[in-house]
Each structure stands twice: as structure tokens, then as C-alpha cells.
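Asker: Below is one structure. I have some questions about it.
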There are 2 protein chains.
Amino acid sequence: MASSPLHIAIIGAGFAGLTAARALKAAGHTVTILEARDRVGGRVHTKAAADGTPVDVGGQWIGPGQDRVLALAEELGVETFASYEVGENLCLFNGELMRFSGILPPHAPEAVAETEATFQALDELAATVDAEQPWASPNAKELDSQTFEAWIERTATGPEARFWMRFLAKSVLAADSRELSLLHVLFYVKSGGGLASLISMSGGAQERRFTRGAQHLAERLAEDVQAELSLNTPVLALHQDGHGVVVEHAGGSLLADRVVVTLPPTLAGRLRYSPALPGARDHLTQRMPMGACIKIQCFYSRPFWRDAGLSGMAINESGPISLVYDNSPASGAPGVLVAFIEGEEAKEWTNRSAADRQAAVLGALVRLFGPAAADIQEYIDQSWLEEEFSRGGYGGFLVPGAWTTLGPALLQPCGRIHWAGTETASQWAGYMDGAIRSGERVAAEILAVSAAQ
Amino acid sequence: MASSPLHIAIIGAGFAGLTAARALKAAGHTVTILEARDRVGGRVHTKAAADGTPVDVGGQWIGPGQDRVLALAEELGVETFASYEVGENLCLFNGELMRFSGILPPHAPEAVAETEATFQALDELAATVDAEQPWASPNAKELDSQTFEAWIERTATGPEARFWMRFLAKSVLAADSRELSLLHVLFYVKSGGGLASLISMSGGAQERRFTRGAQHLAERLAEDVQAELSLNTPVLALHQDGHGVVVEHAGGSLLADRVVVTLPPTLAGRLRYSPALPGARDHLTQRMPMGACIKIQCFYSRPFWRDAGLSGMAINESGPISLVYDNSPASGAPGVLVAFIEGEEAKEWTNRSAADRQAAVLGALVRLFGPAAADIQEYIDQSWLEEEFSRGGYGGFLVPGAWTTLGPALLQPCGRIHWAGTETASQWAGYMDGAIRSGERVAAEILAVSAAQ
């Protein structure tokens with residue numbers, strides 16, 4: 001080491017915080033991790049069903065290209081298995097239930113052609129974006145001046161192509177096409193290696209799952225920093241001067257040389273800072289809301305859809321759920337369907353009664369999979385809008401106009417305060433892999449400062 | 001009174017909070033007003049120049065249709081005077097400095113015609129909007145699916161018409177056309193009585209000023225509730241149960257039956273609430289950023305522009321300031337020009353050095369008014385992005401997609417917590433008048449609850 005050890009306070013024990021803590025500790029610094037919840041993992045959260053089956057109520061999938069999370073799982077010996085995708089998929093669109101293989105259902109040939117062309121147009125446009133500095137992309141200002149919905153309506157005329165693009169916003173970003181900056185969608189597609197990479201199971205971001213649930217990887221990662229980890233410790237305020245940062249938390253306060261904030265930017269903006277943060281940083285956090293997602297899991301005695309030659313994957317236009325996958329454990333027992341309510345439907349259903357929500361979800365599953373879908377053994381759902389320490393999911397996104405006016409503030413340290421979290425990643429932003437990359441990046445950022453001192 | 005007196009805690013001593021406090025106290029309830037700053041007025045703030053001239057660094061103008069603020073000024077005997085608007089205006093556009101009378105400068109006739117037609121189209125569209133419930137307006141979803149910029153580019157082809165629309169976003173909403181939901185712009189125009197009402201001096205929202213500064217009205221209003229007002233008392237958290245609300249503030253805590261939060265929604269979202277607020281309310285606060293405004297005042301020995309037959313009003317395309325007015329006191333001595341840096345320029349310039357900013361502003365004033373504009377006696381500017389307890393100005397706006405998915409959460413009380421502030425007004429939202437109306441509305445809301453108990 002080029003200099004004396006620093007004490008670094010890390011706010012948040014999700015993948016970003018745990019990765020940063022591990023790297024900084026390995027480099028000889030001391031760390032303290034302050035986590036608001038009673039567990040590690042952040043937006044990755046594994047519960048257990050009544051029969052003990054691990055249930056990921058948060059992030060769960062990994063796939064090729066997500067090199068950092070894959071490497072970490074391998075290093076720590078955390079077991080994964082291939083997502084189930086044998087059989088035909090379902091699509092309920094415009095009242096018609098279709099079985100199909102591949103990406104698209106049997107719409108009319110001209111609708112299929114337009115949908116494919118629109119996917120391709122989006123992919124080609126995304127390839128032009130600079131994921132490191134989206135504001136420096138060609139035509140960045142123009143791309144950031146419109147909603148994704150405006151682009152959809154200009155690019156596609158048929159209801160099928162438009163539906164698939166809006167479905168993409170919901171299923172990939174948990175957001176509505178009308179609230180997303182087009183530039184942000186392009187950034188996100190580029191960051192995830194293109195559309196095929198983002199939407200595929202095999203060969204894509206949904207390829208594999210963690211046998212014991214995704215939180216298990218976070219727990220293994222936390223083993224190296226167990227002594228430095230304080231759970232149930234929400235941070236309230238950061239007071240910095242030329243000498244350090246006083247971190248005020250629910251249990252008292254501590255003094256650190258540097259602080260890493262891994263919270264989603266909108267929540268990072270809710271801490272109290274003295275001195276107050278620069279206006280540009282604050283305005284960025286005002287323009288980066290969270291996606292809206294309710295994740296539902298229905299348990300059956302067995303995966304009955306497999307008998308009917310179905311994969312369990314279903315796309316549903318009839319609401320409130322938009323997407324379903326087979327989420328059974330590797331053994332296939334019990335059978336589990338995971339369903340997502342996303343975007344405007346999530347904003348609507350998050351404050352409806354639990355009974356109403358369950359009835360609506362089962363109604364949709366019955367429309368897709370038949371009456372057997374009503375015969376559940378257990379129902380577990382989680383609205384991430386209600387999670388006080390995430391306030392949405394999968395991640396934060398930038399609204400129109402924000403990337404091109406305030407983008408650099410996403411990463412720029414504010415004095416002794418550094419920013420991490422999956423939203424700050426330029427590869428796999430919004431994913432576990434992006435969170436890990438951000439933890440590695442922020443650790444390197446602090447090591448560079450430390451070496452220069 | 002129908003029931004026993006309540007104790008109501010009011011967060012914020014701007015016009016909304018003071019109005020609510022006064023009305024609730026007059027109805028026999030007890031109130032406590034908690035104000036983070038060392039003064040009343042909120043986004044209305046009057047400082048003094050070196051020679052004692054009152055300087056409104058925040059909101060300052062009132063005009064016809066703003067019935068509640070006008071009535072209050074009359075009731076409290078607070079003196080106002082007519083804004084100066086004798087002489088010709090200036091417009092520096094595309095490198096050409098033009099003198100003109102009326103609304104538009106002497107662009108080419110076809111450019112004038114298109115600009116007027118675009119203004120009219122916007123006004124007509126705004127007239128279709130329901131300002132009480134924007135989400136219930138005809139085609140609300142379509143209007144909320146696009147940025148104002150997308151509408152501009154579709155509606156106007158010439159650079160002049162487009163410039164004027166973008167200038168409108170900056171000067172009226174302190175925001176960029178690319179970040180505003182079209183529906184929000186229409187709501188705002190409707191709320192302010194139409195475009196002519198919003199942009200005019202005589203006959204419009206800039207018609208009159210307060211002789212002793214606008215904060216004087218807030219101070220007079222505060223006289224009735226002086227004993228109930230705690231300055232320098234930022235509120236940190238609200239803990240409610242079936243019996244009341246514990247308000248945790250910088251100086252301790254208090255127990256109230258009801259709480260009125262008058263903060264801009266994005267700042268209201270930063271308080272800690274237990275139980276946590278409903279997801280829809282939280283997501284609304286994530287989607288309602290503040291406008292970006294830096295207000296600058298330059299003092300001269302006399303209003304030299306008047307000698308040249310100029311009104312002092314100037315529209316500037318060359319940056320960083322976009323708009324200038326004569327802001328001299330009623331006596332005309334000293335001469336004062338007020339200039340605004342708004343939207344993306346404000347986001348850029350808010351964290352530049354004070355010297356750089358002053359030089360850039362004076363450079364622009366010299367381009368508009370000639371070398372005499374450099375000969376200042378005093379320079380006072382304020383970036384509202386840096387104001388910790390406002391974090392922007394003039395007000396919060398809804399980004400695309402927010403009104404039509406989360407709009408009702410703007411007003412819906414959360415248990416014993418009620419919402420006020422100019423952002424919650426359906427008439428003159430964003431203005432002092434809207435703040436006063438919101439204070440009256442929330443007081444009536446609480447009186448109705450109280451009467452029903």
C-alpha cells in the first residue's frame with residue numbers, strides 16, 4: 001500500500017456494498033458496512049416456502065456475459081442450475097391464447113415482420129450508444145428528448161409491434177414506455193449486451209438460477225466481512241469536513257475517512273448531507289425514479305403445465321400480470337410459477353388489498369394455464385414499491401432530459417462520498433452483475449485516491 | 001365547532017403553511033408550525049441590497065386572477081406597485097438583436113405566424129384539460145405519454161416557433177421542454193388561466209410587485225401565528241398510529257392529532273415515515289422533480305435602459321440567461337435588472353464558480369443592453385438548486401407518465417398526514433396564489449375530518 005489504511009463506511013449490504021467492502025478490506029483498509037435491513041442482499045431476497053423451498057422474491061437470474069457474478073459464484077462454490085424452458089410458451093393477446101416456440105407467437109405474418117423489424121431497429125439504435133457516457137452518444141440530446149413510447153408510436157404502426165415494445169419496457173425495466181427516456185432504454189439495452197441477451201433464457205440474462213436462492217451468494221460474500229457488518233442500522237445523515245465523514249445512523253454515529261453509498265439514487269437523495277450536496281447531484285436524484293414491480297409466486301403440488309407440453313413461460317396482455325415463468329426448484333417439486341405485475345399495473349395494484357390482488361393474479365393464470373392454475377398450495381407475493389429500503393425495482397431509471405443534463409453526477413464523488421450500486425454500472429446496470437461491477441469500480445476509485453495521498 | 005380542538009403540526013412556514021395555520025387557529029384548533037429555515041416565506045425570500053433596497057431572490061410577482069394572494073395583500077394592507085413595462089423589449093435570437101413591442105419580435109412574417117399558431121394550439125389544448133384531475137382529461141394518457149419537446153417538434157417546424165415554445169418551458173416552468181410531460185404543461189397553463197395570463201406583465205402573472213418585497217406578505221401573515229411558529233426546526237420523521245403523529249424534528253419531538261406537510265413533493269418524500277407511506281405516494285414523489293432556476297439581480301446607479309426607450313424586458317437565446325426584466329424599486333432608484341438562468345443552463349451553471357457565473361451573466365447583459373450593463377454596483381444571485389430546503393424552483397413538475405398513473409396520490413391524505421403546498425393547487429399551481437389556495441384547501445380538509453369525528 002502506498003499510504004496508511006483508511007476507514008471506509010459502506011452504506012448498504014447488497015452486492016455492491018459487499019463487493020466493495022471485500023475489495024477494500026483485501027487491500028488493507030478497514031471497513032464498516034451499515035445495512036438498514038435485518039439481512040444482506042438488498043434487492044436480492046430469498047425467503048422459504050412452507051415446505052422449505054427457497055423462494056427468490058427479488059432478483060434471481062444470471063446468464064452469460066454477466067462475468068463478475070458468474071466468477072463470484074464459481075469462486076465461492078455457490079451452485080446454480082439451468083432455468084426450465086422445455087415446451088411451448090403461451091401468449092394471451094387481444095383475447096387470443098396462442099402456443100408457440102421461439103420469441104414471437106403466431107401473429108399474422110405482417111405483424112410478426114413489423115415486430116421483428118422494430119426489435120431490430122431498437123437493437124441497432126442501442127448499439128450506437130456509449131454506455132459509459134450516454135450523454136456523449138451520437139444524437140444523445142435528441143434521443144433523450146423523447147419517451148420510449150413516442151419512439152414506439154413513430155416506429156411501429158401495428159398493435160402487435162407496439163405491444164411487444166411496451167411489454168419490453170415492463171418486463172426488462174419494470175417501467176412504462178411512457179415514463180422512460182428513449183436514451184435510457186438504449187443505454188440499458190447496450191449495458192445488457194443487446195436485446196437477445198436481455199430477453200433470453202438460454203444464452204441470455206435468465207439462463208440460470210441459484211439452487212439455494214440468490215441471497216445465498218450474498219451471504220457467502222458477506223462471510224469475509226461478517227465482523228464489519230451491522231444489520232438493522234439505517235443511515236440517516238452524512239456530515240463531512242476536510243478530515244472525514246461522520247455517519248449518523250439509527251444506532252449512533254461513526255467516523256470514516258470515506259463513505260460509499262450504494263443505495264438507489266432516489267433513496268441516496270433522501271439522506272441528509274452536510275454540507276448539502278451540489279445542486280446537480282441533487283437534481284439527478286430527483287430525476288431517477290425506481291421501476292415498479294410486484295413479484296408473485298404460486299406453488300402447486302407439481303408443475304402441471306409441463307404435462308401439457310408447456311414451458312410455463314407466458315406473456316399476458318390481459319392484466320394485471322404481464323409475464324410468467326416456470327420457477328420450480330431444480331427437482332421440479334413443488335411446481336412454481338413466478339408472475340410479474342409491472343409498471344402502471346404495479347402502481348395500481350400495490351395498494352389494493354392482498355385478497356383482491358391474489359384473486360386477480362389467479363384469474364390471469366387460469367386464463368393462461370387453465371383451471372389447474374387456481375389450485376395453489378401457497379401464494380407469496382412482494383410489492384417492491386412498499387419495500388422501504390428499495391422503494392421499487394428492479395432499478396432506478398432516468399426520465400427524459402436527465403442523462404444529457406445531469407448524467408455525470410451519477411458517478412462523480414462528492415468530497416469524501418462515493419457512489420455505487422447497480423444503477424451506476426455501465427455493464428449490466430440493473431442486474432446483480434452490475435451491482436458487483438459497481439462495487440469493484442468504487443473500490444478501485446477509493447484505492448486510487450488513497451494511493452495518490 | 002362540532003368537536004374538541006385538535007392539535008395540528010404544520011411543516012413549512014411558506015404561504016401554504018401560514019395560510020393553513022391561520023385558518024385552523026381561527027377555527028379553534030391549536031397549531032404548531034415547524035420551519036427548517038430561519039425565516040418564513042419558503043420559496044419567497046426578500047433580501048436587502050447594500051443600499052437597503054428590498055431584493056426578492058425568490059417569487060415576487062402577482063397579477064389578476066390570483067384572487068387569494070390579492071385578497072390577502074389587501075386584507076393585511078401590504079402595498080404593491082405596478083411592474084415597469086414602458087418602452088421596447090429586446091430579443092437576441094440567432095445572433096440578431098431585435099427591439100420590439102408586444103409579445104413577439106420582428107421575425108419573418110411566416111415565423112411570426114407559425115409561432116402565434118403554436119401558442120394558440122397550446123392554449124386550445126390546455127383548455128381541454130381538467131386541472132382538478134388532469135388524469136381524467138380527454139386523451140390524458142396520450143398527452144402524458146410524450147414530452148413537451150416531442151409535441152413542439154411535431155407541431156412547429158421553424159426554429160423561431162420551436163425556440164419560443166422551449167423558452168416558454170424555461171421561463172414559465174423553469175424546466176426543459178424535454179423533461180416535461182405534455183400533460184403537465186397543459187395542466188400548468190390551464191391552472192394559470194391560459195398562456196396570455198401566464199406570460200403577461202400588465203393583465204398577467206407579472207403585473208405587480210410588493211413594495212417591501214414578497215416576504216413581507218408572509219411576515220404579515222405570520223403575525224397571527226407568531227407564538228406557534230418554530231424557526232430553525234427541520235422535521236426529520238413522522239411516526240403515526242391510531243392516536244396521533246409523533247413529529248420528530250431537529251429540536252426534539254411533539255405529538256399532533258394531524259400533520260400538514262407543505263414541502264414540495266420531492267422533499268416530502270425525503271422525510272422518514274412510520275409506518276412507511278403507501279407505494280403509490282412514494283412513487284409519485286420520485287416522479288416530481290423540481291424546476292431549475294438561478295435568479296440574478298444586477299444593480300445600477302440608475303435604470304439606464306429606460307433612457308434608450310427600453311423596458312428592460314429581454315429574451316436571450318445566447319445563454320446562459322434566458323429572460324431579463326426591469327426589477328427596479330417603484331422609485332426607479334437604483335436601477336435593477338433581474339435575469340434568470342433556467343432549465344439545463346441552470347443545471348450546468350449551478351455548480352460553476354461564482355466568478356464564472358457573474359462574468360457569463362454580465363456578458364449576456366452587455367450583448368443585450370450594451371456596455372453600460374457591465375457597470376454594476378452590486379450583483380446578487382441565488383441558485384435555488386442549492387437551497388437545501390427547496391432544492392429547486394419555481395416548483396415541482398410531473399414527468400411523463402406520472403399524472404395518469406399516480407396523480408391522485410398528490411392530494412390523498414395518508415392516515416393523519418395531509419398534503420399542501422403550491423404543487424397541490426389546481427389554480428395557480430407553482431405560484432404564491434396556489435400555495436395560499438392549497439393552505440385554505442388543506443385547512444378545510446382537516447376541518448371536515450374534525451367535524452365528522
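Chains: A, B, ... in order of the C-alpha cells. Residues: from 1 per chain. Ligands: from 1, in order shown.
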Pick out the chain B residues within 7 Å of chain A. Count only C-alpha atoms. Give them as a ChimeraX atom specification.

Answerer: /B:145-147,149-150,178-179,266,270,276,278-280,286-287,289,344,347,350-351,385-386,388,400-401,405

Asker: Please provide the set of residues having any atom within 10 Å of Ala82 of chain B, restricted to only C-alpha atoms, with same-chain residues fewer than 5 positions apart removed, written as a list in words.

Answerer: Trp61, Ile62, Gly63, Met201, Ser202, Gln206, Glu207, Arg208, Arg209, Phe210, Thr211 and Ala330 of chain B

Asker: At what distance in Å, to one decimal, does atom CA of Gly213 of chain B lie from atom CA of Ala364 of chain B?

Answerer: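 So the two atoms, atom CA of Ala364 of chain B and atom CA of Gly213 of chain B, lie 26.3 Å apart.
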
Asker: Going by DSSP on the backbone, which bits of segment 49-122 of chain A are alpha helix (DSSP H)? Write them as a list in words, please.

Answerer: Asp67, Arg68, Val69, Leu70, Ala71, Leu72, Ala73, Glu74, Glu75, Leu76, Pro109, Glu110, Ala111, Val112, Ala113, Glu114, Thr115, Glu116, Ala117, Thr118, Phe119, Gln120, Ala121 and Leu122 of chain A

Asker: Write the residues of the preceding selection, restricted to N, CA and C atoms, as an mmCIF file, in the first residue's frame.

Answerer:
```cif
data_model
loop_
_atom_site.group_PDB
_atom_site.id
_atom_site.type_symbol
_atom_site.label_atom_id
_atom_site.label_comp_id
_atom_site.auth_asym_id
_atom_site.auth_seq_id
_atom_site.Cartn_x
_atom_site.Cartn_y
_atom_site.Cartn_z
ATOM 1 N N ASP A 67 -20.182 -11.663 -16.317
ATOM 2 C CA ASP A 67 -18.939 -12.335 -15.945
ATOM 3 C C ASP A 67 -18.598 -12.219 -14.469
ATOM 4 N N ARG A 68 -18.915 -11.084 -13.874
ATOM 5 C CA ARG A 68 -18.496 -10.880 -12.495
ATOM 6 C C ARG A 68 -19.312 -11.714 -11.517
ATOM 7 N N VAL A 69 -20.620 -11.773 -11.750
ATOM 8 C CA VAL A 69 -21.425 -12.594 -10.834
ATOM 9 C C VAL A 69 -21.138 -14.077 -11.058
ATOM 10 N N LEU A 70 -20.912 -14.449 -12.315
ATOM 11 C CA LEU A 70 -20.577 -15.848 -12.597
ATOM 12 C C LEU A 70 -19.250 -16.229 -11.944
ATOM 13 N N ALA A 71 -18.276 -15.330 -12.028
ATOM 14 C CA ALA A 71 -16.967 -15.604 -11.432
ATOM 15 C C ALA A 71 -17.080 -15.725 -9.913
ATOM 16 N N LEU A 72 -17.896 -14.872 -9.354
ATOM 17 C CA LEU A 72 -18.065 -14.873 -7.905
ATOM 18 C C LEU A 72 -18.733 -16.165 -7.430
ATOM 19 N N ALA A 73 -19.759 -16.581 -8.156
ATOM 20 C CA ALA A 73 -20.437 -17.831 -7.797
ATOM 21 C C ALA A 73 -19.449 -18.994 -7.878
ATOM 22 N N GLU A 74 -18.639 -18.989 -8.912
ATOM 23 C CA GLU A 74 -17.648 -20.058 -9.071
ATOM 24 C C GLU A 74 -16.618 -20.014 -7.942
ATOM 25 N N GLU A 75 -16.095 -18.799 -7.684
ATOM 26 C CA GLU A 75 -15.084 -18.639 -6.630
ATOM 27 C C GLU A 75 -15.604 -19.132 -5.279
ATOM 28 N N LEU A 76 -16.861 -18.821 -4.989
ATOM 29 C CA LEU A 76 -17.403 -19.147 -3.670
ATOM 30 C C LEU A 76 -18.100 -20.504 -3.653
ATOM 31 N N PRO A 109 -48.492 -12.774 -40.374
ATOM 32 C CA PRO A 109 -47.111 -12.624 -40.847
ATOM 33 C C PRO A 109 -46.639 -11.172 -40.896
ATOM 34 N N GLU A 110 -47.504 -10.253 -41.317
ATOM 35 C CA GLU A 110 -47.052 -8.854 -41.396
ATOM 36 C C GLU A 110 -46.819 -8.282 -39.995
ATOM 37 N N ALA A 111 -47.583 -8.757 -39.011
ATOM 38 C CA ALA A 111 -47.374 -8.293 -37.632
ATOM 39 C C ALA A 111 -46.062 -8.841 -37.084
ATOM 40 N N VAL A 112 -45.789 -10.101 -37.396
ATOM 41 C CA VAL A 112 -44.511 -10.689 -36.969
ATOM 42 C C VAL A 112 -43.356 -9.929 -37.611
ATOM 43 N N ALA A 113 -43.485 -9.651 -38.897
ATOM 44 C CA ALA A 113 -42.412 -8.944 -39.608
ATOM 45 C C ALA A 113 -42.185 -7.561 -39.009
ATOM 46 N N GLU A 114 -43.271 -6.843 -38.721
ATOM 47 C CA GLU A 114 -43.089 -5.499 -38.157
ATOM 48 C C GLU A 114 -42.490 -5.576 -36.748
ATOM 49 N N THR A 115 -42.930 -6.544 -35.975
ATOM 50 C CA THR A 115 -42.387 -6.681 -34.618
ATOM 51 C C THR A 115 -40.889 -6.986 -34.675
ATOM 52 N N GLU A 116 -40.517 -7.903 -35.553
ATOM 53 C CA GLU A 116 -39.093 -8.234 -35.680
ATOM 54 C C GLU A 116 -38.290 -7.028 -36.150
ATOM 55 N N ALA A 117 -38.857 -6.278 -37.076
ATOM 56 C CA ALA A 117 -38.152 -5.086 -37.588
ATOM 57 C C ALA A 117 -37.997 -4.036 -36.490
ATOM 58 N N THR A 118 -39.000 -3.934 -35.634
ATOM 59 C CA THR A 118 -38.940 -2.936 -34.561
ATOM 60 C C THR A 118 -37.915 -3.343 -33.504
ATOM 61 N N PHE A 119 -37.902 -4.628 -33.158
ATOM 62 C CA PHE A 119 -36.844 -5.135 -32.268
ATOM 63 C C PHE A 119 -35.471 -4.807 -32.848
ATOM 64 N N GLN A 120 -35.328 -5.066 -34.141
ATOM 65 C CA GLN A 120 -34.026 -4.857 -34.774
ATOM 66 C C GLN A 120 -33.649 -3.376 -34.794
ATOM 67 N N ALA A 121 -34.633 -2.537 -35.061
ATOM 68 C CA ALA A 121 -34.360 -1.091 -35.078
ATOM 69 C C ALA A 121 -33.893 -0.624 -33.705
ATOM 70 N N LEU A 122 -34.535 -1.151 -32.666
ATOM 71 C CA LEU A 122 -34.154 -0.755 -31.312
ATOM 72 C C LEU A 122 -32.743 -1.245 -30.997
#
```

Asker: Write down as a ChimeraX atom specification the residues of segment 52-218 of chain A whose backbone DSSP state falls under strand (DSSP E or B).

Answerer: /A:54-56,61-62,80-82,88-93,96-100,147,181,208-210

Asker: Restricting it to C-alpha atoms, dump the selection as a short mmCIF file (atom, residue, chain, number, x, y, z; two decimals), in the first residue's frame.

Answerer:
```
data_model
loop_
_atom_site.label_atom_id
_atom_site.label_comp_id
_atom_site.auth_asym_id
_atom_site.auth_seq_id
_atom_site.Cartn_x
_atom_site.Cartn_y
_atom_site.Cartn_z
CA PRO A 54 -36.12 -21.33 -1.42
CA VAL A 55 -38.17 -18.50 -2.96
CA ASP A 56 -36.44 -15.53 -4.55
CA TRP A 61 -31.47 -14.92 -12.70
CA ILE A 62 -27.96 -14.82 -14.08
CA THR A 80 -26.59 -22.79 -9.93
CA PHE A 81 -28.90 -24.68 -12.28
CA ALA A 82 -30.43 -24.06 -15.69
CA GLU A 88 -44.11 -24.30 -25.71
CA ASN A 89 -44.72 -20.78 -24.45
CA LEU A 90 -48.06 -19.02 -24.18
CA CYS A 91 -49.19 -15.60 -25.27
CA LEU A 92 -52.61 -14.15 -24.47
CA PHE A 93 -53.04 -11.17 -26.77
CA GLU A 96 -56.47 -14.96 -28.21
CA LEU A 97 -54.43 -17.59 -26.37
CA MET A 98 -51.53 -18.77 -28.55
CA ARG A 99 -48.97 -21.54 -28.02
CA PHE A 100 -45.62 -21.00 -29.65
CA THR A 147 -40.16 8.98 -24.23
CA SER A 181 -36.28 8.33 -21.75
CA ARG A 208 -29.54 -19.87 -14.70
CA ARG A 209 -30.75 -19.67 -11.12
CA PHE A 210 -29.18 -20.22 -7.73
#
```

Asker: Between atom CA of Gln382 of chain B and atom CA of Ile294 of chain B, what distance in Å does the model show, to one decimal?

Answerer: 5.5 Å

Asker: Looking at only C-alpha atoms, which of B:Ile33, B:Val57, B:Leu18, B:Ile8 is the one that sits closest to Leu217 of chain B?

Answerer: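 Residue with the minimum atom-to-atom distance to Leu217 of chain B: B:Leu18.
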
Asker: Have a look at atom CA of His184 of chain B and atom CA of Cys293 of chain A and let me know their distance in Å, one decimal.

Answerer: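 Atom CA of Cys293 of chain A lies at a distance of 24.8 Å from atom CA of His184 of chain B.
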
Asker: Hey, what's within 10 Å of Asp130 of chain A if we count only C-alpha atoms and toss same-chain stuff fewer than 3 positions away? As number ranges by chain, please?

Answerer: A: 126-127, 133-138, 140, 186-187, 190-191, 426

Asker: Show which residues sit within 10 Å of Ile321 of chain B, as a PyMOL selection string. Count only C-alpha atoms, and ignore same-chain residues fewer than 2 positions away.

Answerer: chain B and resi 294-296+314-319+323-324+338-342+345-346+360-365

Asker: Need the shell around Ala227 of chain A: protein/DNA/RNA residues with any atom at most 12 Å away, counting only C-alpha atoms. Skip same-chain ones fewer than 4 positions apart. Format as a PyMOL selection string?

Answerer: chain A and resi 21-22+25+30-34+222-223+231

Asker: Using N, CA and C atoms, can you write the selected residues to a file as a compact mmCIF listing (two decimals), in the first residue's frame?

Answerer:
```txt
# COMPACT_ATOMS: atom_id res chain seq x y z
N ALA A 21 -16.71 -3.74 0.01
CA ALA A 21 -16.13 -3.98 1.33
C ALA A 21 -15.04 -5.05 1.25
N ARG A 22 -15.34 -6.10 0.54
CA ARG A 22 -14.40 -7.20 0.41
C ARG A 22 -13.11 -6.73 -0.27
N LYS A 25 -11.17 -4.23 2.04
CA LYS A 25 -10.56 -4.96 3.16
C LYS A 25 -9.35 -5.75 2.67
N THR A 30 -9.73 -0.64 6.52
CA THR A 30 -10.79 -1.14 7.39
C THR A 30 -12.13 -0.62 6.88
N VAL A 31 -13.15 -1.45 7.04
CA VAL A 31 -14.47 -1.09 6.53
C VAL A 31 -15.52 -1.33 7.61
N THR A 32 -16.61 -0.56 7.51
CA THR A 32 -17.81 -0.82 8.28
C THR A 32 -18.97 -0.78 7.31
N ILE A 33 -19.77 -1.84 7.31
CA ILE A 33 -20.93 -1.89 6.42
C ILE A 33 -22.18 -1.67 7.26
N LEU A 34 -22.96 -0.69 6.88
CA LEU A 34 -24.20 -0.36 7.59
C LEU A 34 -25.38 -0.74 6.71
N ALA A 222 -20.72 -12.17 2.16
CA ALA A 222 -20.67 -11.45 3.44
C ALA A 222 -19.79 -12.14 4.46
N GLU A 223 -19.49 -13.42 4.23
CA GLU A 223 -18.70 -14.16 5.23
C GLU A 223 -17.34 -13.50 5.48
N LEU A 231 -26.24 -5.00 10.82
CA LEU A 231 -27.60 -5.06 10.27
C LEU A 231 -28.51 -4.14 11.09
```

Asker: Extract, using only C-alpha atoms, all DNA, RNA and protein residues at most 9 Å from Gly335 of chain A, discarding same-chain residues fewer than 2 positions from it, and format them as JSON, numbers by chain.

Answerer: {"A": [298, 299, 300, 301, 302, 303, 304, 305, 326, 327, 328, 329, 332, 333, 337]}

Asker: Name the closest residue to Ala174 of chain B among the candidates B:Ala48, B:Pro264, B:Phe397, B:Pro64; distances are taken between atoms, counting only C-alpha atoms.

Answerer: B:Phe397
